[in-house]
Amino acid sequence: MYASLRTNLPRDLMATTDFTFEEAGLGKSPLFPRHETVLAYLEAYLDHFDIGHSITYNTTVQNVEPISPAQSEGMPRWRVRVTGDHFEGKIRSKENETEREFDAVCVANGHYSVPRIADVPDLAHFKGLQLHSHNYREPSHFMGKHVILIGASASGEDISREIAAVASRVVLSSRGGQGGSGLQGEYENFTCQDALVRVDRSSGDLIFADGRREACDQDSILMHCSGYHYSFPFLESSGLISTEGGMVRPLYEHLMHVDKPNLFFIGIPYKVVPFPQFEVQARFVSRFLSGHFSIPDATERKAAHASWLTSLEERGIAKRHAHKMGDMQWDYNDRLARLGGFECLESWRSDGYKAAGDAKRLNPLSYRDKCEWRKPMT
Ligand SMILES: Cc1cc2nc3c(=O)[nH]c(=O)nc-3n(C[C@H](O)[C@H](O)[C@H](O)COP(=O)(O)OP(=O)(O)OC[C@H]3O[C@@H](n4cnc5c(N)ncnc54)[C@H](O)[C@@H]3O)c2cc1C
């Protein structure tokens, strides 16, 4: 995480329904706070609900497997193997392995830690340094440098703006070439480029989709702001999950394994407001496991999943965009709430999301301080 990181969503939107930033003692923080404030919010959440004792820290899940045969369509028990702290919380040596059985498993391992490197032919012929935005911390290392960033999503835009203040030349490459265009007027050394399509084998120059070329040498720096891979190494031996093409499957409602409906995945969708969506997913899971509602049978779940895959294909949606939600997140959250029989998220959240998006488009450099949206008083 970079040192200067501020949220790209208003904090009131990010809060769960049962704990505001005010209740966390952070009511004086800016609408788009720094990352330390988000950490403080999460720590206050843990204290407020007194749930720290349920967490076993310093423990790595190495393997998760169903105990009943993998082809069974019911709900197996699960064997979980960990290294590190003991399940009961007692610290043992790193080599120590422990196994325990569970009635259900909820995977919530995040998807911002295994960097995805842009798939560009002849990348090895680039003569300079390559790194991923995951390893970016602060701009001083880029003083006077020639930097090309691939990908103009949240990280690419934030980092290119920060680097433009110190580098000699910054190029932000994105599909369509318009990513970060708001920065062009601000920094003379900043240029937007179309998607990077290949590296010239002899010169090591970068070639973009519109045929333009960026001359590069051994001092140039190529930063991949091209996202992350979904990764579930602890499920590999079970063969239950595929992440091929950047899509996690087979999942029912992006959440529940189609064949094993007591294996859940919290937080798979992206371009969402994460924490309240996690809350909705977690409520769905807990109400399902405690028998408050039932879900379609395995045949229907498989059919629903198959028709969803077909519809993605028909709409020309690439696999890696299968979990991208944006404006669709609100219908998704409401659908889970209705199925699970609990309250939908407050309607002001979608208004706030739209207002923050509009503010960002209008003022890409200063939207965090200029956004006028405020959570309505209740
Ligand atoms: C640059 C950046 C900026 C962002 N800005 C915002 C923002 O402004 N607002 C916002 O709401 N969200 C933002 N996000 C997204 C937000 O950080 C994520 O949605 C959120 O952290 C996901 O939470 P999580 O608990 O699912 O995963 P994580 O926070 O990634 O936590 C996963 C946890 O699982 C642990 N883990 C992984 N594998 C294992 C294993 N085998 N055994 C045991 N433990 C394991 C990890 O150590 C980690 O502690 C941003 C993300 C990035 C990368």
# chains A, B, ... in the order shown; residues from 1 in each chain; ligands from 1
>>> residues_near_ligand(ligand="ligand 1", cutoff="9 Å", atoms="only C-alpha atoms and all ligand atoms", output="number ranges by chain")
A: 1-2, 5-11, 13-15, 32-35, 38, 57-63, 82-83, 107-113, 133-134, 154-155, 158, 227-228, 231-234, 266-268, 270-276, 278
>>> residues_around(residues="Ser220 (chain A)", least_positions_apart="3", cutoff="10 Å", atoms="only C-alpha atoms", output="number ranges by chain")
A: 126-130, 145-148, 169, 205, 215-217, 223
>>> atom_distance(atom1="CA of Glu346 (chain A)", atom2="CA of Phe19 (chain A)")
13.5 Å
>>> select_by_dssp(residues="region 194-373 of chain A", states="strand (DSSP E)", output="ChimeraX atom specification")
/A:196-199,206-208,213-214,220-224,251-252,256-257,263-265
>>> write_last_selection(atoms="N, CA and C atoms", output="PDB file, in the first residue's frame")
ATOM      1  N   LEU A 196      -0.745  -0.797 -24.322  1.00  0.00           N
ATOM      2  CA  LEU A 196       0.566  -1.295 -24.747  1.00  0.00           C
ATOM      3  C   LEU A 196       0.348  -2.648 -25.424  1.00  0.00           C
ATOM      4  N   VAL A 197       0.838  -2.795 -26.664  1.00  0.00           N
ATOM      5  CA  VAL A 197       0.582  -4.059 -27.364  1.00  0.00           C
ATOM      6  C   VAL A 197       1.818  -4.934 -27.544  1.00  0.00           C
ATOM      7  N   ARG A 198       3.000  -4.319 -27.544  1.00  0.00           N
ATOM      8  CA  ARG A 198       4.206  -5.147 -27.635  1.00  0.00           C
ATOM      9  C   ARG A 198       5.440  -4.314 -27.316  1.00  0.00           C
ATOM     10  N   VAL A 199       6.550  -5.025 -27.157  1.00  0.00           N
ATOM     11  CA  VAL A 199       7.838  -4.357 -26.965  1.00  0.00           C
ATOM     12  C   VAL A 199       8.681  -4.651 -28.202  1.00  0.00           C
ATOM     13  N   LEU A 206       8.521   0.716 -26.409  1.00  0.00           N
ATOM     14  CA  LEU A 206       7.149   0.236 -26.207  1.00  0.00           C
ATOM     15  C   LEU A 206       6.287   0.674 -27.399  1.00  0.00           C
ATOM     16  N   ILE A 207       5.443  -0.246 -27.873  1.00  0.00           N
ATOM     17  CA  ILE A 207       4.575   0.061 -29.018  1.00  0.00           C
ATOM     18  C   ILE A 207       3.122  -0.018 -28.548  1.00  0.00           C
ATOM     19  N   PHE A 208       2.360   1.034 -28.828  1.00  0.00           N
ATOM     20  CA  PHE A 208       0.968   1.102 -28.352  1.00  0.00           C
ATOM     21  C   PHE A 208      -0.009   0.727 -29.471  1.00  0.00           C
ATOM     22  N   ARG A 213       4.939   4.959 -30.538  1.00  0.00           N
ATOM     23  CA  ARG A 213       6.085   4.286 -29.923  1.00  0.00           C
ATOM     24  C   ARG A 213       6.642   5.161 -28.803  1.00  0.00           C
ATOM     25  N   GLU A 214       7.069   4.533 -27.712  1.00  0.00           N
ATOM     26  CA  GLU A 214       7.719   5.261 -26.626  1.00  0.00           C
ATOM     27  C   GLU A 214       9.157   4.755 -26.550  1.00  0.00           C
ATOM     28  N   SER A 220      14.632   3.476 -18.063  1.00  0.00           N
ATOM     29  CA  SER A 220      13.169   3.623 -18.040  1.00  0.00           C
ATOM     30  C   SER A 220      12.581   2.650 -17.016  1.00  0.00           C
ATOM     31  N   ILE A 221      11.403   3.009 -16.516  1.00  0.00           N
ATOM     32  CA  ILE A 221      10.744   2.135 -15.529  1.00  0.00           C
ATOM     33  C   ILE A 221       9.327   1.827 -16.023  1.00  0.00           C
ATOM     34  N   LEU A 222       8.997   0.548 -16.019  1.00  0.00           N
ATOM     35  CA  LEU A 222       7.665   0.123 -16.445  1.00  0.00           C
ATOM     36  C   LEU A 222       6.924  -0.392 -15.212  1.00  0.00           C
ATOM     37  N   MET A 223       5.827   0.303 -14.861  1.00  0.00           N
ATOM     38  CA  MET A 223       5.086  -0.136 -13.673  1.00  0.00           C
ATOM     39  C   MET A 223       3.750  -0.757 -14.099  1.00  0.00           C
ATOM     40  N   HIS A 224       3.561  -1.996 -13.698  1.00  0.00           N
ATOM     41  CA  HIS A 224       2.320  -2.694 -14.027  1.00  0.00           C
ATOM     42  C   HIS A 224       1.256  -2.340 -12.987  1.00  0.00           C
ATOM     43  N   LEU A 251     -19.277 -20.566  -8.958  1.00  0.00           N
ATOM     44  CA  LEU A 251     -19.900 -19.936  -7.789  1.00  0.00           C
ATOM     45  C   LEU A 251     -21.343 -19.557  -8.092  1.00  0.00           C
ATOM     46  N   TYR A 252     -22.193 -19.756  -7.110  1.00  0.00           N
ATOM     47  CA  TYR A 252     -23.581 -19.313  -7.192  1.00  0.00           C
ATOM     48  C   TYR A 252     -23.619 -17.933  -6.550  1.00  0.00           C
ATOM     49  N   MET A 256     -21.126 -18.648  -3.358  1.00  0.00           N
ATOM     50  CA  MET A 256     -21.304 -19.978  -2.777  1.00  0.00           C
ATOM     51  C   MET A 256     -20.899 -21.011  -3.818  1.00  0.00           C
ATOM     52  N   HIS A 257     -20.125 -21.997  -3.412  1.00  0.00           N
ATOM     53  CA  HIS A 257     -19.729 -23.013  -4.385  1.00  0.00           C
ATOM     54  C   HIS A 257     -20.973 -23.740  -4.897  1.00  0.00           C
ATOM     55  N   LEU A 263     -19.298 -24.015   1.169  1.00  0.00           N
ATOM     56  CA  LEU A 263     -17.994 -23.396   0.902  1.00  0.00           C
ATOM     57  C   LEU A 263     -18.295 -22.023   0.298  1.00  0.00           C
ATOM     58  N   PHE A 264     -17.961 -20.973   1.055  1.00  0.00           N
ATOM     59  CA  PHE A 264     -18.342 -19.614   0.655  1.00  0.00           C
ATOM     60  C   PHE A 264     -17.105 -18.784   0.339  1.00  0.00           C
ATOM     61  N   PHE A 265     -17.315 -17.773  -0.480  1.00  0.00           N
ATOM     62  CA  PHE A 265     -16.234 -16.844  -0.846  1.00  0.00           C
ATOM     63  C   PHE A 265     -16.758 -15.424  -0.640  1.00  0.00           C
TER      64      PHE A 265
END
>>> residues_around(residues="Ala104 (chain A)", least_positions_apart="2", cutoff="12 Å", atoms="only C-alpha atoms", output="short mmCIF file (atom, residue, chain, number, x, y, z; two decimals) with N, CA and C atoms, in the first residue's frame")
data_model
loop_
_atom_site.label_atom_id
_atom_site.label_comp_id
_atom_site.auth_asym_id
_atom_site.auth_seq_id
_atom_site.Cartn_x
_atom_site.Cartn_y
_atom_site.Cartn_z
N VAL A 64 -7.47 -26.89 2.38
CA VAL A 64 -8.89 -27.05 2.75
C VAL A 64 -9.44 -28.13 1.84
N GLU A 65 -10.03 -29.15 2.43
CA GLU A 65 -10.59 -30.19 1.56
C GLU A 65 -11.86 -30.78 2.18
N PRO A 66 -12.79 -31.16 1.28
CA PRO A 66 -14.02 -31.77 1.80
C PRO A 66 -13.68 -33.15 2.33
N ILE A 67 -14.32 -33.54 3.41
CA ILE A 67 -14.01 -34.85 3.98
C ILE A 67 -14.78 -35.95 3.25
N GLY A 74 -23.78 -32.72 -1.71
CA GLY A 74 -24.32 -32.21 -0.45
C GLY A 74 -23.35 -31.27 0.22
N MET A 75 -23.49 -31.15 1.52
CA MET A 75 -22.60 -30.26 2.25
C MET A 75 -21.63 -31.09 3.08
N PRO A 76 -20.42 -31.25 2.60
CA PRO A 76 -19.46 -32.07 3.35
C PRO A 76 -18.96 -31.34 4.58
N ARG A 77 -18.37 -32.07 5.49
CA ARG A 77 -17.53 -31.40 6.50
C ARG A 77 -16.20 -31.11 5.82
N TRP A 78 -15.43 -30.22 6.45
CA TRP A 78 -14.19 -29.77 5.81
C TRP A 78 -13.01 -29.98 6.75
N ARG A 79 -11.92 -30.44 6.16
CA ARG A 79 -10.69 -30.57 6.93
C ARG A 79 -9.78 -29.39 6.55
N VAL A 80 -9.36 -28.66 7.57
CA VAL A 80 -8.53 -27.47 7.34
C VAL A 80 -7.19 -27.68 8.02
N ARG A 100 -8.04 -29.40 11.70
CA ARG A 100 -9.31 -29.47 12.42
C ARG A 100 -10.44 -29.57 11.42
N GLU A 101 -11.58 -30.10 11.87
CA GLU A 101 -12.72 -30.24 10.97
C GLU A 101 -13.74 -29.15 11.25
N PHE A 102 -14.40 -28.71 10.17
CA PHE A 102 -15.42 -27.66 10.29
C PHE A 102 -16.67 -28.05 9.51
N CYS A 106 -15.59 -20.43 5.05
CA CYS A 106 -15.79 -19.13 4.43
C CYS A 106 -14.42 -18.61 4.01
N VAL A 107 -14.18 -18.51 2.74
CA VAL A 107 -12.89 -18.01 2.26
C VAL A 107 -12.99 -16.49 2.13
N MET A 256 -21.13 -18.65 -3.36
CA MET A 256 -21.30 -19.98 -2.78
C MET A 256 -20.90 -21.01 -3.82
N HIS A 257 -20.12 -22.00 -3.41
CA HIS A 257 -19.73 -23.01 -4.39
C HIS A 257 -20.97 -23.74 -4.90
N LYS A 260 -20.91 -27.41 -3.65
CA LYS A 260 -20.69 -27.56 -2.19
C LYS A 260 -21.16 -26.28 -1.51
N PRO A 261 -22.45 -26.18 -1.24
CA PRO A 261 -22.98 -24.89 -0.77
C PRO A 261 -22.66 -24.55 0.67
N ASN A 262 -21.68 -25.22 1.24
CA ASN A 262 -21.16 -24.74 2.53
C ASN A 262 -19.68 -24.33 2.41
N LEU A 263 -19.30 -24.02 1.17
CA LEU A 263 -17.99 -23.40 0.90
C LEU A 263 -18.30 -22.02 0.30
N PHE A 264 -17.96 -20.97 1.05
CA PHE A 264 -18.34 -19.61 0.66
C PHE A 264 -17.11 -18.78 0.34
N PHE A 265 -17.31 -17.77 -0.48
CA PHE A 265 -16.23 -16.84 -0.85
C PHE A 265 -16.76 -15.42 -0.64
N VAL A 285 -24.76 -15.63 4.41
CA VAL A 285 -24.13 -16.90 4.78
C VAL A 285 -24.62 -17.34 6.17
N SER A 286 -24.61 -16.42 7.12
CA SER A 286 -24.95 -16.84 8.48
C SER A 286 -26.43 -17.23 8.56
N PHE A 288 -28.21 -18.44 6.09
CA PHE A 288 -28.36 -19.71 5.37
C PHE A 288 -27.92 -20.87 6.27
N LEU A 289 -26.76 -20.70 6.91
CA LEU A 289 -26.24 -21.79 7.74
C LEU A 289 -27.11 -22.02 8.97
N SER A 290 -27.82 -20.98 9.42
CA SER A 290 -28.67 -21.22 10.58
C SER A 290 -30.12 -21.56 10.16
#
>>> closest_residue(among="A:Ala304, A:Gly246, A:Thr56, A:Leu26", to="Leu39 (chain A)", atoms="only C-alpha atoms")
A:Leu26
>>> closest_residue(among="A:Glu244, A:Glu236, A:Asp12, A:Glu157", to="Ala318 (chain A)", atoms="only C-alpha atoms")
A:Glu244
>>> residues_around(residues="Gly291 (chain A)", least_positions_apart="6", cutoff="12 Å", atoms="only C-alpha atoms", output="PyMOL selection string")
chain A and resi 284-285+340-341
>>> residues_around(residues="Leu183 (chain A)", least_positions_apart="5", cutoff="12 Å", atoms="only C-alpha atoms", output="PyMOL selection string")
chain A and resi 152+156-165+170-172+178+188-192+361-366
>>> residues_around(residues="region 326-333 of chain A", least_positions_apart="4", cutoff="8 Å", atoms="only C-alpha atoms", output="PyMOL selection string")
chain A and resi 270-272+277+280-281+337+344-345+350
>>> atom_distance(atom1="CA of Ala355 (chain A)", atom2="CA of Arg374 (chain A)")
9.4 Å
>>> closest_residue(among="A:Gly352, A:Gly245, A:Gly211, A:Gly177", to="Leu149 (chain A)", atoms="only C-alpha atoms")
A:Gly177
>>> residues_around(residues="region 141-143 of chain A", least_positions_apart="6", cutoff="8 Å", atoms="only C-alpha atoms", output="VMD selection string")
chain A and resid 163 166 to 168
>>> write_last_selection(atoms="N, CA and C atoms", output="tab-separated table (two decimals), in the first residue's frame")
chain	number	residue	atom	x	y	z
A	163	ILE	N	3.67	10.42	-9.15
A	163	ILE	CA	4.99	10.35	-9.77
A	163	ILE	C	5.23	11.54	-10.70
A	166	VAL	N	7.39	14.44	-9.72
A	166	VAL	CA	8.85	14.34	-9.52
A	166	VAL	C	9.60	13.75	-10.72
A	167	ALA	N	8.90	12.98	-11.57
A	167	ALA	CA	9.59	12.28	-12.67
A	167	ALA	C	9.88	13.23	-13.82
A	168	SER	N	10.75	12.79	-14.75
A	168	SER	CA	11.00	13.64	-15.91
A	168	SER	C	9.88	13.46	-16.94
